[in-house]
Structures are given as structure tokens and as C-alpha cells.
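Participant: For reference, the file coords-v5.csv (CSV, C-alpha atoms (C1' of nucleotides)) is included below:
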```
chain,number,residue,atom,x,y,z
A,1,MET,CA,0.0,0.0,0.0
A,2,ASN,CA,2.9,2.4,0.5
A,3,LYS,CA,4.8,1.5,-2.6
A,4,ASN,CA,3.4,4.5,-4.3
A,5,GLN,CA,1.8,7.7,-3.1
A,6,ALA,CA,-1.1,6.5,-1.1
A,7,LEU,CA,-3.0,9.8,-0.9
A,8,PRO,CA,-2.4,12.3,-3.7
A,9,TRP,CA,-3.5,15.5,-2.0
A,10,GLU,CA,0.0,16.8,-1.7
A,11,ASN,CA,0.6,16.0,-5.4
A,12,PRO,CA,0.5,19.4,-7.2
A,13,ARG,CA,-0.8,17.8,-10.4
A,14,PHE,CA,-3.7,16.2,-8.6
A,15,HIS,CA,-5.1,19.0,-6.5
A,16,ASN,CA,-4.5,21.6,-9.2
A,17,TRP,CA,-6.6,19.5,-11.6
A,18,ILE,CA,-9.3,19.2,-8.9
A,19,ALA,CA,-9.4,23.0,-8.9
A,20,VAL,CA,-9.9,23.0,-12.7
A,21,ALA,CA,-12.8,20.5,-12.4
A,22,ARG,CA,-14.4,22.5,-9.7
A,23,ALA,CA,-14.1,25.8,-11.7
A,24,CYS,CA,-15.8,24.1,-14.6
A,25,GLN,CA,-18.6,22.9,-12.4
A,26,VAL,CA,-19.3,26.3,-10.9
A,27,MET,CA,-19.0,27.9,-14.3
A,28,GLY,CA,-21.5,25.4,-15.7
A,29,LEU,CA,-23.9,26.2,-12.9
A,30,SER,CA,-23.5,30.0,-13.4
A,31,LEU,CA,-24.0,29.6,-17.2
A,32,ALA,CA,-27.2,27.6,-16.7
A,33,ARG,CA,-28.6,30.3,-14.5
A,34,ALA,CA,-27.5,33.1,-16.9
A,35,LEU,CA,-29.2,31.3,-19.8
A,36,GLN,CA,-32.5,30.8,-18.0
A,37,PRO,CA,-34.1,34.0,-19.4
A,38,LEU,CA,-33.6,32.6,-22.9
A,39,ASP,CA,-35.1,29.2,-21.8
A,40,LEU,CA,-31.9,27.5,-22.9
A,41,LYS,CA,-29.6,25.1,-21.1
A,42,PRO,CA,-25.9,24.7,-21.7
A,43,PRO,CA,-26.3,21.7,-24.1
A,44,HIS,CA,-28.7,23.7,-26.2
A,45,LEU,CA,-26.2,26.5,-26.4
A,46,ASP,CA,-23.5,24.0,-27.5
A,47,ILE,CA,-25.7,22.9,-30.3
A,48,LEU,CA,-26.7,26.4,-31.5
A,49,VAL,CA,-23.1,27.7,-31.4
A,50,ASN,CA,-21.9,24.8,-33.5
A,51,LEU,CA,-24.7,25.3,-36.0
A,52,PHE,CA,-23.8,28.9,-36.1
A,53,ARG,CA,-20.2,28.2,-37.0
A,54,ALA,CA,-20.8,25.2,-39.2
A,55,PRO,CA,-24.2,25.6,-41.0
A,56,GLY,CA,-25.3,22.5,-42.8
A,57,ILE,CA,-23.5,20.0,-40.5
A,58,SER,CA,-25.0,16.6,-40.1
A,59,GLN,CA,-26.2,15.2,-36.8
A,60,GLN,CA,-23.4,12.6,-36.7
A,61,ASP,CA,-20.7,15.2,-37.2
A,62,LEU,CA,-22.4,17.5,-34.6
A,63,ALA,CA,-22.4,14.6,-32.2
A,64,ASP,CA,-18.7,14.0,-32.8
A,65,LYS,CA,-17.9,17.7,-32.2
A,66,LEU,CA,-19.9,17.8,-29.0
A,67,LEU,CA,-18.7,14.4,-27.7
A,68,VAL,CA,-22.2,13.2,-27.1
A,69,GLY,CA,-24.2,10.3,-28.6
A,70,ARG,CA,-26.3,10.6,-31.7
A,71,SER,CA,-29.3,9.5,-29.7
A,72,ASN,CA,-28.9,12.6,-27.6
A,73,LEU,CA,-29.3,14.8,-30.6
A,74,SER,CA,-32.2,12.8,-31.9
A,75,MET,CA,-34.0,13.7,-28.7
A,76,LEU,CA,-32.9,17.4,-28.4
A,77,LEU,CA,-33.0,18.6,-32.0
A,78,PRO,CA,-36.8,18.0,-32.6
A,79,GLN,CA,-37.4,20.2,-29.5
A,80,LEU,CA,-35.3,23.1,-30.9
A,81,GLU,CA,-36.9,22.6,-34.3
A,82,LYS,CA,-40.4,22.8,-32.8
A,83,ARG,CA,-39.3,26.1,-31.2
A,84,GLY,CA,-38.4,27.4,-34.6
A,85,LEU,CA,-34.7,27.8,-33.8
A,86,LEU,CA,-33.4,25.5,-36.5
A,87,VAL,CA,-34.4,23.4,-39.5
A,88,ARG,CA,-33.4,19.9,-40.5
A,89,ARG,CA,-33.2,19.5,-44.2
A,90,GLY,CA,-32.6,16.2,-46.0
A,91,ASP,CA,-29.6,16.1,-48.2
A,92,PRO,CA,-30.5,15.2,-51.8
A,93,GLN,CA,-27.1,13.8,-52.4
A,94,ASP,CA,-27.2,11.4,-49.4
A,95,ARG,CA,-30.7,10.7,-48.3
A,96,ARG,CA,-29.5,9.3,-44.9
A,97,ILE,CA,-28.3,12.7,-43.8
A,98,LEU,CA,-30.2,15.6,-42.2
A,99,ARG,CA,-28.4,18.9,-42.6
A,100,LEU,CA,-28.9,21.3,-39.7
A,101,GLU,CA,-29.3,25.1,-40.1
A,102,LEU,CA,-30.3,27.9,-37.8
A,103,THR,CA,-33.4,29.9,-38.7
A,104,PRO,CA,-33.2,33.7,-38.5
A,105,SER,CA,-34.9,33.5,-35.2
A,106,GLY,CA,-32.5,30.8,-34.1
A,107,THR,CA,-29.5,33.0,-35.1
A,108,ASP,CA,-31.0,35.8,-33.1
A,109,VAL,CA,-31.3,33.7,-30.0
A,110,THR,CA,-27.9,32.2,-30.5
A,111,LEU,CA,-26.3,35.7,-30.7
A,112,GLN,CA,-28.0,36.7,-27.5
A,113,ALA,CA,-26.9,33.5,-25.8
A,114,ILE,CA,-23.3,33.9,-27.0
A,115,ALA,CA,-23.4,37.5,-25.6
A,116,ILE,CA,-24.5,36.2,-22.2
A,117,GLN,CA,-21.9,33.5,-22.1
A,118,SER,CA,-19.2,35.8,-23.3
A,119,GLU,CA,-20.0,38.3,-20.7
A,120,LEU,CA,-19.9,35.7,-18.0
A,121,ILE,CA,-16.6,34.3,-19.2
A,122,ASP,CA,-15.1,37.7,-19.6
A,123,ARG,CA,-16.0,38.8,-16.1
A,124,THR,CA,-14.7,35.6,-14.7
A,125,MET,CA,-11.4,35.4,-16.6
A,126,LYS,CA,-10.6,39.0,-15.8
A,127,THR,CA,-9.2,37.6,-12.6
A,128,ALA,CA,-6.2,36.4,-14.8
A,129,SER,CA,-3.9,38.4,-16.9
A,130,THR,CA,-3.8,37.9,-20.7
A,131,ASP,CA,-0.5,35.9,-20.3
A,132,GLU,CA,-1.8,33.7,-17.6
A,133,CYS,CA,-5.0,33.2,-19.6
A,134,ASN,CA,-3.1,32.1,-22.7
A,135,LEU,CA,-0.9,29.8,-20.7
A,136,VAL,CA,-4.0,28.2,-19.2
A,137,GLY,CA,-5.4,27.7,-22.6
A,138,GLU,CA,-2.1,26.2,-23.9
A,139,VAL,CA,-1.9,23.7,-21.0
A,140,MET,CA,-5.5,22.7,-21.6
A,141,THR,CA,-4.9,22.1,-25.3
A,142,ARG,CA,-2.0,19.8,-24.4
A,143,ILE,CA,-4.2,17.9,-22.0
A,144,ILE,CA,-6.9,17.5,-24.6
A,145,HIS,CA,-4.4,16.1,-27.0
A,146,GLU,CA,-3.0,13.7,-24.4
A,147,LEU,CA,-6.4,12.4,-23.6
A,148,THR,CA,-7.5,11.9,-27.2
A,149,ARG,CA,-4.4,10.2,-28.4
A,150,PRO,CA,-5.7,7.2,-30.2
A,151,ASP,CA,-3.5,4.6,-28.5
A,152,THR,CA,-4.6,5.6,-25.0
A,153,VAL,CA,-8.2,5.7,-25.9
A,154,GLU,CA,-8.6,2.3,-27.4
A,155,GLU,CA,-12.3,1.4,-27.1
A,156,GLY,CA,-15.1,-0.6,-28.5
A,157,GLN,CA,-17.9,-0.2,-30.9
A,158,ALA,CA,-20.2,2.0,-29.0
A,159,ASP,CA,-22.7,4.5,-30.3
A,160,GLU,CA,-21.6,7.0,-27.8
A,161,PRO,CA,-19.0,9.7,-27.0
A,162,GLY,CA,-15.5,9.3,-28.3
A,163,ARG,CA,-15.7,7.1,-31.3
A,164,LYS,CA,-12.9,6.0,-33.6
A,165,LYS,CA,-12.4,8.5,-36.3
A,166,ALA,CA,-13.2,7.4,-39.8
B,1,MET,CA,-25.5,45.1,-32.4
B,2,ASN,CA,-22.0,46.3,-33.1
B,3,LYS,CA,-21.6,48.4,-30.0
B,4,ASN,CA,-19.6,45.6,-28.4
B,5,GLN,CA,-17.7,42.6,-29.7
B,6,ALA,CA,-20.3,40.6,-31.7
B,7,LEU,CA,-18.4,37.4,-31.9
B,8,PRO,CA,-16.0,36.6,-29.2
B,9,TRP,CA,-13.8,34.0,-30.8
B,10,GLU,CA,-10.8,36.2,-31.1
B,11,ASN,CA,-11.2,37.1,-27.5
B,12,PRO,CA,-8.4,35.3,-25.6
B,13,ARG,CA,-10.4,35.0,-22.4
B,14,PHE,CA,-13.3,33.4,-24.3
B,15,HIS,CA,-11.6,30.8,-26.4
B,16,ASN,CA,-9.1,29.9,-23.6
B,17,TRP,CA,-12.0,29.1,-21.3
B,18,ILE,CA,-13.6,27.0,-24.0
B,19,ALA,CA,-10.4,25.0,-23.9
B,20,VAL,CA,-10.7,24.5,-20.2
B,21,ALA,CA,-14.3,23.4,-20.5
B,22,ARG,CA,-13.4,20.9,-23.2
B,23,ALA,CA,-10.5,19.5,-21.2
B,24,CYS,CA,-12.8,18.9,-18.3
B,25,GLN,CA,-15.2,17.1,-20.6
B,26,VAL,CA,-12.7,14.7,-22.1
B,27,MET,CA,-11.2,14.2,-18.6
B,28,GLY,CA,-14.6,13.3,-17.3
B,29,LEU,CA,-15.2,10.8,-20.1
B,30,SER,CA,-11.7,9.3,-19.5
B,31,LEU,CA,-12.4,9.0,-15.8
B,32,ALA,CA,-15.7,7.3,-16.4
B,33,ARG,CA,-14.0,4.7,-18.5
B,34,ALA,CA,-11.2,4.2,-16.1
B,35,LEU,CA,-13.6,3.6,-13.2
B,36,GLN,CA,-15.7,1.1,-15.1
B,37,PRO,CA,-13.8,-1.9,-13.6
B,38,LEU,CA,-14.8,-0.8,-10.1
B,39,ASP,CA,-18.4,-0.3,-11.2
B,40,LEU,CA,-18.2,3.3,-10.1
B,41,LYS,CA,-19.2,6.5,-11.9
B,42,PRO,CA,-17.6,9.9,-11.3
B,43,PRO,CA,-20.4,11.0,-9.0
B,44,HIS,CA,-19.9,8.0,-6.9
B,45,LEU,CA,-16.3,8.7,-6.6
B,46,ASP,CA,-17.0,12.3,-5.5
B,47,ILE,CA,-19.2,10.9,-2.7
B,48,LEU,CA,-16.7,8.3,-1.6
B,49,VAL,CA,-13.8,10.7,-1.5
B,50,ASN,CA,-15.7,13.2,0.5
B,51,LEU,CA,-16.7,10.6,3.0
B,52,PHE,CA,-13.1,9.5,3.2
B,53,ARG,CA,-11.9,13.0,4.0
B,54,ALA,CA,-14.8,14.0,6.2
B,55,PRO,CA,-16.2,10.9,8.0
B,56,GLY,CA,-19.5,11.6,9.8
B,57,ILE,CA,-20.6,14.3,7.4
B,58,SER,CA,-24.4,14.8,7.0
B,59,GLN,CA,-26.2,14.5,3.7
B,60,GLN,CA,-26.9,18.2,3.5
B,61,ASP,CA,-23.3,19.1,4.1
B,62,LEU,CA,-22.2,16.6,1.6
B,63,ALA,CA,-24.6,18.0,-1.0
B,64,ASP,CA,-23.2,21.5,-0.3
B,65,LYS,CA,-19.7,20.3,-0.9
B,66,LEU,CA,-20.6,18.5,-4.1
B,67,LEU,CA,-22.8,21.3,-5.4
B,68,VAL,CA,-25.7,18.9,-6.0
B,69,GLY,CA,-29.1,18.7,-4.6
B,70,ARG,CA,-30.1,16.8,-1.5
B,71,SER,CA,-32.5,14.7,-3.5
B,72,ASN,CA,-29.6,13.5,-5.6
B,73,LEU,CA,-27.9,12.0,-2.6
B,74,SER,CA,-31.2,10.6,-1.3
B,75,MET,CA,-31.2,8.5,-4.5
B,76,LEU,CA,-27.5,7.6,-4.7
B,77,LEU,CA,-26.6,6.9,-1.1
B,78,PRO,CA,-29.0,4.0,-0.6
B,79,GLN,CA,-27.4,2.3,-3.6
B,80,LEU,CA,-23.9,2.6,-2.2
B,81,GLU,CA,-25.2,1.5,1.2
B,82,LYS,CA,-26.7,-1.6,-0.3
B,83,ARG,CA,-23.4,-2.4,-1.9
B,84,GLY,CA,-21.8,-2.2,1.6
B,85,LEU,CA,-19.6,0.7,0.8
B,86,LEU,CA,-21.0,3.1,3.4
B,87,VAL,CA,-23.3,3.2,6.4
B,88,ARG,CA,-25.8,5.9,7.4
B,89,ARG,CA,-26.1,6.3,11.1
B,90,GLY,CA,-28.6,8.5,12.8
B,91,ASP,CA,-27.2,11.2,15.0
B,92,PRO,CA,-28.5,11.0,18.6
B,93,GLN,CA,-28.0,14.7,19.2
B,94,ASP,CA,-30.0,15.8,16.2
B,95,ARG,CA,-32.4,13.1,15.0
B,96,ARG,CA,-32.9,14.8,11.6
B,97,ILE,CA,-29.4,14.1,10.6
B,98,LEU,CA,-27.9,10.9,9.0
B,99,ARG,CA,-24.2,10.7,9.5
B,100,LEU,CA,-22.3,9.0,6.7
B,101,GLU,CA,-19.2,6.8,7.0
B,102,LEU,CA,-17.3,4.5,4.8
B,103,THR,CA,-17.2,0.8,5.7
B,104,PRO,CA,-13.8,-1.0,5.6
B,105,SER,CA,-14.8,-2.4,2.2
B,106,GLY,CA,-15.9,1.1,1.1
B,107,THR,CA,-12.5,2.5,2.2
B,108,ASP,CA,-10.8,-0.2,0.2
B,109,VAL,CA,-12.8,0.6,-3.0
B,110,THR,CA,-12.3,4.3,-2.4
B,111,LEU,CA,-8.5,3.9,-2.2
B,112,GLN,CA,-8.5,1.9,-5.4
B,113,ALA,CA,-10.6,4.5,-7.2
B,114,ILE,CA,-8.4,7.3,-6.0
B,115,ALA,CA,-5.4,5.5,-7.3
B,116,ILE,CA,-7.0,5.1,-10.7
B,117,GLN,CA,-8.0,8.8,-10.8
B,118,SER,CA,-4.6,9.9,-9.6
B,119,GLU,CA,-2.8,7.9,-12.2
B,120,LEU,CA,-5.0,9.4,-14.9
B,121,ILE,CA,-4.6,12.9,-13.7
B,122,ASP,CA,-0.8,12.5,-13.3
B,123,ARG,CA,-0.4,11.1,-16.7
B,124,THR,CA,-2.5,13.9,-18.2
B,125,MET,CA,-0.9,16.8,-16.2
B,126,LYS,CA,2.6,15.6,-17.0
B,127,THR,CA,2.2,17.6,-20.1
B,128,ALA,CA,2.7,20.7,-18.0
B,129,SER,CA,5.6,21.7,-15.8
B,130,THR,CA,5.1,22.1,-12.1
B,131,ASP,CA,5.1,25.8,-12.4
B,132,GLU,CA,2.6,25.9,-15.2
B,133,CYS,CA,0.5,23.4,-13.2
B,134,ASN,CA,0.5,25.6,-10.1
B,135,LEU,CA,-0.3,28.7,-12.1
B,136,VAL,CA,-3.3,26.9,-13.6
B,137,GLY,CA,-4.5,25.9,-10.2
B,138,GLU,CA,-4.1,29.4,-8.9
B,139,VAL,CA,-6.1,30.9,-11.8
B,140,MET,CA,-8.8,28.4,-11.3
B,141,THR,CA,-9.0,29.2,-7.6
B,142,ARG,CA,-9.5,32.8,-8.4
B,143,ILE,CA,-12.2,31.9,-10.9
B,144,ILE,CA,-14.0,29.8,-8.3
B,145,HIS,CA,-13.9,32.7,-5.8
B,146,GLU,CA,-15.2,35.1,-8.4
B,147,LEU,CA,-18.1,32.9,-9.3
B,148,THR,CA,-19.1,32.1,-5.8
B,149,ARG,CA,-19.0,35.7,-4.5
B,150,PRO,CA,-22.3,36.2,-2.7
B,151,ASP,CA,-23.3,39.4,-4.4
B,152,THR,CA,-23.0,37.9,-7.9
B,153,VAL,CA,-24.8,34.7,-7.1
B,154,GLU,CA,-28.0,36.2,-5.7
B,155,GLU,CA,-30.6,33.5,-6.0
B,156,GLY,CA,-33.8,32.0,-4.7
B,157,GLN,CA,-34.9,29.4,-2.3
B,158,ALA,CA,-34.3,26.3,-4.3
B,159,ASP,CA,-33.4,22.9,-3.0
B,160,GLU,CA,-30.6,22.7,-5.5
B,161,PRO,CA,-27.0,23.4,-6.2
B,162,GLY,CA,-25.6,26.7,-4.9
B,163,ARG,CA,-27.6,27.6,-1.9
B,164,LYS,CA,-27.1,30.6,0.3
B,165,LYS,CA,-24.7,29.7,3.1
B,166,ALA,CA,-26.2,29.5,6.6
C,1,DA,C1',-44.4,26.6,27.2
C,2,DC,C1',-45.9,27.3,22.6
C,3,DA,C1',-46.7,28.8,17.8
C,4,DG,C1',-44.3,29.7,13.7
C,5,DA,C1',-40.1,29.3,11.0
C,6,DA,C1',-36.2,26.8,9.5
C,7,DT,C1',-33.6,22.5,8.6
C,8,DT,C1',-32.9,17.6,7.3
C,9,DG,C1',-33.9,13.9,4.6
C,10,DT,C1',-37.5,11.4,1.4
C,11,DA,C1',-40.9,10.6,-2.5
C,12,DC,C1',-42.2,11.6,-6.8
C,13,DA,C1',-42.9,13.4,-11.5
C,14,DA,C1',-40.4,15.5,-15.2
C,15,DC,C1',-36.6,15.9,-17.9
C,16,DC,C1',-31.9,14.6,-19.8
C,17,DA,C1',-28.4,11.3,-21.2
C,18,DT,C1',-26.8,6.8,-22.4
C,19,DG,C1',-26.4,2.4,-24.9
C,20,DA,C1',-28.6,-1.2,-27.7
C,21,DA,C1',-31.5,-2.6,-31.3
C,22,DC,C1',-33.5,-1.2,-35.5
C,23,DA,C1',-34.8,0.6,-40.6
C,24,DA,C1',-33.2,3.1,-44.5
C,25,DA,C1',-29.7,4.5,-47.5
C,26,DA,C1',-25.1,4.3,-49.3
C,27,DA,C1',-20.6,2.2,-50.1
C,28,DT,C1',-17.8,-1.8,-51.0
C,29,DC,C1',-16.5,-5.6,-53.5
C,30,DA,C1',-16.9,-10.0,-55.8
D,1,DT,C1',-25.6,-6.6,-60.8
D,2,DG,C1',-26.1,-8.6,-56.1
D,3,DA,C1',-24.6,-9.6,-51.4
D,4,DT,C1',-22.4,-7.8,-47.5
D,5,DT,C1',-20.9,-4.1,-44.7
D,6,DT,C1',-21.0,0.6,-43.1
D,7,DT,C1',-23.2,4.8,-42.0
D,8,DT,C1',-27.0,7.8,-40.5
D,9,DG,C1',-30.7,8.7,-37.8
D,10,DT,C1',-34.7,7.0,-34.7
D,11,DT,C1',-36.8,4.4,-30.9
D,12,DC,C1',-36.9,2.5,-26.5
D,13,DA,C1',-35.5,0.9,-21.9
D,14,DT,C1',-32.6,2.2,-18.2
D,15,DG,C1',-30.7,5.0,-15.1
D,16,DG,C1',-29.1,9.8,-13.5
D,17,DT,C1',-30.5,14.7,-12.1
D,18,DT,C1',-33.5,18.2,-10.9
D,19,DG,C1',-37.2,20.7,-8.5
D,20,DT,C1',-41.3,20.4,-5.7
D,21,DA,C1',-44.0,18.8,-2.1
D,22,DC,C1',-43.9,16.5,2.2
D,23,DA,C1',-43.0,14.5,7.3
D,24,DA,C1',-40.1,14.7,11.1
D,25,DT,C1',-37.3,17.3,14.0
D,26,DT,C1',-35.1,21.4,15.8
D,27,DC,C1',-34.8,26.4,16.5
D,28,DT,C1',-36.6,31.1,17.5
D,29,DG,C1',-39.1,34.6,19.6
D,30,DT,C1',-42.6,35.9,22.6
```
Can you dump the structure from the file as C-alpha cells?

Facilitator:
Amino acid sequence: MNKNQALPWENPRFHNWIAVARACQVMGLSLARALQPLDLKPPHLDILVNLFRAPGISQQDLADKLLVGRSNLSMLLPQLEKRGLLVRRGDPQDRRILRLELTPSGTDVTLQAIAIQSELIDRTMKTASTDECNLVGEVMTRIIHELTRPDTVEEGQADEPGRKKA
Amino acid sequence: MNKNQALPWENPRFHNWIAVARACQVMGLSLARALQPLDLKPPHLDILVNLFRAPGISQQDLADKLLVGRSNLSMLLPQLEKRGLLVRRGDPQDRRILRLELTPSGTDVTLQAIAIQSELIDRTMKTASTDECNLVGEVMTRIIHELTRPDTVEEGQADEPGRKKA
DNA sequence: ACAGAATTGTACAACCATGAACAAAAATCA
DNA sequence: TGATTTTTGTTCATGGTTGTACAATTCTGT
């Protein structure tokens, strides 16, 4: 039991990551509250932003970007479509695919939501200098690459988050 | 509409935070996979670790620490109790309170889970130097304080995450 | 002491997310 | 061409999370 560090709380890597995780959690809660007036939740915002930046994307590609399952989108997208925020148009070239696009009203809501999120993030991150901020982003990018390296991810045939890339 | 920054993608604070959020997401997915052999999910680990560090804590205090609702714990704790990982003992001083404690078997599982999590975090954070790592943690701590400042949180009387402190 | 307020944990309905099984369409390959 | 495999999206059962309503207990103020 004592051949390696039994309790990792004095390990800087460990407790510093715990701080990252907690910051994400409180940011998520704050964002959820800030989005309430628009009747949106963070997952909805993720969808809308990706549609804003990549109009015409398919549901599968969107699921890959968001790291969620296709079934998730199959449940959420009809709701947003009924609210008139987006449309799903069949692709004549490949009739399996539904291409997603924001409606004008959806674009409007998306811009409002982005403004809310941006304001929240800006206020929050003002506690760090630009240099610190950039360093944090750089470290996080390295972490993402480390965790998505194909040889450390090796996984099965699931429908769900983190599939093998075509 | 153009009185402020319409699209914040060239804002360093914004896109660097997006990197933080994504890193947390992939870390969460990796942790969930790494915990599968123990038949635990990240929320279970959060509970066990807090019981390990604060034996005898009440459900309410635990919910406050985890930033989840009491009802959440009322659903999860009986499962873990049935698995023999913890016990809920009534407090003779205050008969409303159930005090939580790990069983020996629960302590054993918790130590295994912590080892798994610690290994994952250590491998991941090795992509950053100790100084970078500490700076990240410091920035995150500032962010947490900013987001939990009482005057910016002002909220209602909900049962759920982020209540006013007694 | 006692009435009203506050706190702790539970029960339940609603919603969200996941993974497996499925149908339709396209790609592959003999 | 025709058979097999792959890809895309849906459906459904399961389980996780939230918020509300509630019973039991303790606290507060008079």
C-alpha cells in the first residue's frame, strides 16, 4: 500500500486539476442560471453555437464535435426545431443525412446566448492576466491532445461519445 | 449590435476558457471509462472521496460540498449502502441528521478508485511543468472565488446546487 | 411553554443522457 | 448486378439529475 503515493492530495498535479474540475462545475452552474431568461440550457447552447459556426452540418458530425451520442441529438433537435430555432433539411445527395441550419430567429437567439456566455466568461477570466490566460489555454490544449491520443483511448464499438475517427 | 464585440472567438479570455471546458469534458469521459472496472461513476467517486476525507458528514453538508441537490444524494446513497460501501447512522443529538461513514470495504474501494483517478490525472498533467501546473490551479481558484462571490450569485430558495450559506 | 419558522432527509414526477436494437440508405466488393 | 458491410438517424428501456411537495425534527421569539 505504501509502494506509491497512497494519498495524492499533496501532489500538485492532482489538487490543481481538482481546482480545474471545480471551476468548470461552478461555471456550468452559473452559465445555466444566466441562460434561464432565454429558456436555454448549456447543451442547447453548444448545439446552437456549432450550427452557427458550421451551418449544414449533419447530426453525426455534430455529435462528434460535442462528444455526445447521436441519440442525444435525436432527442434534443426536434425540440429546438419545434421552437423554430433550426431546421433539419434532408440532403438530396445522401438521403441518410439531415443537414442542420439555424433559422433567422435561431440565429438571433444564438447571438443573445453567446453574448450572455461571453460576458460571464469575460467577467470571470478578468481575474487572470492575458498571459496567464493564454498559458492556461495552452496547457488545456495539451491535456486534450494527451487524452484523445488514439493509443490511449482504445475502445469498443459504442454508439456514444469518443468514437474512432473514420 | 456592433456596439460591443459581436463574436468573441478572437477574445483570448473566451476561447481559452472554452479549452478549459473541453479539457474537463474529455477528462470526465476518460475518468468514467477508467472507473468502469470498479463499477463506479464519477459522481460515486466524488461521494466516496468526501466521505473518506470527512467521515461523519451529513447528507446536507455533503450536498453542499458537491454542489448537487439533497434529492440527488437521497437517490444515490441507498445504492452505495446496499453495496456495503458506506453506512448511514442516525445522530442521537439531532435526529434529523444521518451521518455518513465508509465501511472498511468502502474504504478499500475508495483507495483503489483514488489510485485510478490519480494515475489518470498524473499522466495527463505531466504535459505541464510544475510551475505551469501551479499557475493553472491558482487561476482556477481565483475563478471559483469570483463565481461564488455572494453578491454575484443572488438566488432564490431552491433545493438545488448553490444555496445561500447559513 | 408554545406557535411559527427553519432544517434535514425522502418521495415523486419530469426531464436529460446513455447504450442497444432497428430501418433506411449508401458504399464496398466480388 | 447482387450480397455484405458501413453509415445515419430513430426508438426504446434504463438510469441519473433536478425541482417540488412533504413529514419529522429542531430552532426562535414571545

Participant: Select residues of chain C: the criterion is any atom within 8 Å of an atom of chain A, counting all atoms listed in the file; output as a PDB file with C-alpha atoms (C1' of nucleotides), in the coordinates of the input.

Facilitator:
```pdb
ATOM      1  C1'  DA C  17     -28.400  11.300 -21.200  1.00  0.00           C
ATOM      2  C1'  DT C  18     -26.800   6.800 -22.400  1.00  0.00           C
ATOM      3  C1'  DG C  19     -26.400   2.400 -24.900  1.00  0.00           C
ATOM      4  C1'  DA C  24     -33.200   3.100 -44.500  1.00  0.00           C
ATOM      5  C1'  DA C  25     -29.700   4.500 -47.500  1.00  0.00           C
ATOM      6  C1'  DA C  26     -25.100   4.300 -49.300  1.00  0.00           C
TER       7       DA C  26
END
```

Participant: Kindly provide, as a list in words, the residues of chain D having any atom no farther than 12 Å from an atom of chain B, counting all atoms listed in the file.

Facilitator: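 Listing them in order of chain and number gives DG15, DG16, DT17, DT18, DG19, DT20, DA21, DA23, DA24, DT25, DT26 and DC27 of chain D.
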
Participant: I'd like the interatomic distance between atom CA of Leu66 of chain A and atom CA of Asn50 of chain A, to a tenth of an Å.

Facilitator: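 Rounded to one decimal, the two atoms are 8.6 Å apart.
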
Participant: Within 6 Å of chain A, which residues belong to chain B? Use only C-alpha atoms and report them as a VMD selection string.

Facilitator: chain B and resid 13 16 19 to 20 23 124 to 125 136 to 137 140 143 to 144

Participant: Name the closest residue to Arg99 of chain B among the candidates C:DA30, C:DC16, C:DA3, C:DG9; distances are taken between atoms, counting all atoms listed in the file.

Facilitator: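 Between C:DA30, C:DC16, C:DA3, C:DG9, the residue approaching Arg99 of chain B most closely is C:DG9.
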
Participant: Mind giving me the straight-line distance from atom CA of Glu101 of chain B to atom CA of Leu62 of chain B in Å, one decimal?

Facilitator: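 Taking atom CA of Glu101 of chain B and atom CA of Leu62 of chain B, their separation equals 11.6 Å.
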
Participant: Any idea what the distance is between atom CA of Gln60 of chain A and atom CA of Leu98 of chain A?

Facilitator: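 Atom CA of Leu98 of chain A lies 9.2 Å from atom CA of Gln60 of chain A.
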
Participant: Just checking: using all atoms listed in the file, which residue out of B:Ser58, B:Arg70, B:Arg149, B:Thr110 ends up closest to Asp46 of chain B?

Facilitator: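 With all atoms listed in the file as the atom set, the closest residue is B:Thr110.
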